[in-house]
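Student: One structure, as structure tokens, below. Some questions next.
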Amino acid sequence: MLAPMPGTVVRTTDIAVGDHVTAGQPLLWLEAMKMEHKIIAPASGTLTALHATPGLQVE
């Protein structure tokens, strides 16, 4: 997935590689332009990688 805009990862949910996620499930929150944006799973499936950590700057 790509970030919708540059920002900072504020927090992630308690998910780990190998966990099943469902479409619409919150995965993490980004702070951008002084607002928090909830990033949700676009589809159901198994999480294969999670590169985002709180404090990480994303583009």
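Chain identifiers are assigned as A, B, and so on, following the order in which chains appear in the structure tokens; residues are numbered from 1 within each chain, and ligands are numbered from 1 in order of appearance.
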Taking only C-alpha atoms into account, produce a table as a Markdown table in which each residue of region 6-44 of chain A with an atom at most 12 Å from an atom of region 50-55 of chain A appears once, together with its shortest atom pair and the distance in Å to one decimal, ordered by chain and rising number.
Tutor:
```
| residue | atom | partner | partner_atom | distance |
| --- | --- | --- | --- | --- |
| A:Gly7 | CA | A:Gly55 | CA | 9.5 |
| A:Thr8 | CA | A:Gly55 | CA | 5.9 |
| A:Val9 | CA | A:Pro54 | CA | 4.9 |
| A:Val10 | CA | A:Pro54 | CA | 5.1 |
| A:Arg11 | CA | A:Pro54 | CA | 5.1 |
| A:Thr12 | CA | A:Pro54 | CA | 7.0 |
| A:Thr13 | CA | A:Thr53 | CA | 10.4 |
| A:Asp14 | CA | A:Leu50 | CA | 11.3 |
| A:Ile15 | CA | A:Leu50 | CA | 8.8 |
| A:Ala16 | CA | A:Leu50 | CA | 7.4 |
| A:Val17 | CA | A:Leu50 | CA | 6.7 |
| A:Gly18 | CA | A:Leu50 | CA | 10.1 |
| A:Asp19 | CA | A:Leu50 | CA | 10.8 |
| A:Leu27 | CA | A:Leu50 | CA | 9.6 |
| A:Leu28 | CA | A:Ala52 | CA | 8.3 |
| A:Trp29 | CA | A:Pro54 | CA | 9.0 |
| A:Leu30 | CA | A:Pro54 | CA | 9.1 |
| A:Glu31 | CA | A:Gly55 | CA | 9.8 |
| A:Ile39 | CA | A:Ala52 | CA | 11.4 |
```
Student: Name the residues of chain A that fall into strand (DSSP E or B) according to DSSP on the backbone, using the chain letters and numbers of this document, as a PyMOL selection string.
Tutor: chain A and resi 7-12+20-21+26-32+35-40+45-46+57-58
Student: How many Å lie between CA of Val58 (chain A) and CA of Ala41 (chain A), rounded to one decimal?
Tutor: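 So the two atoms, CA of Val58 (chain A) and CA of Ala41 (chain A), lie 17.2 Å apart.
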Student: To one decimal place, how far is CA of Pro42 (chain A) from CA of Leu2 (chain A) in Å?
Tutor: 11.1 Å
Student: Would you please work out which residue, of A:Glu59, A:Val21, A:Thr48, A:Pro6, is nearest to Lys34 (chain A) when using only C-alpha atoms?
Tutor: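 That would be A:Pro6, the residue with the smallest distance to Lys34 (chain A).
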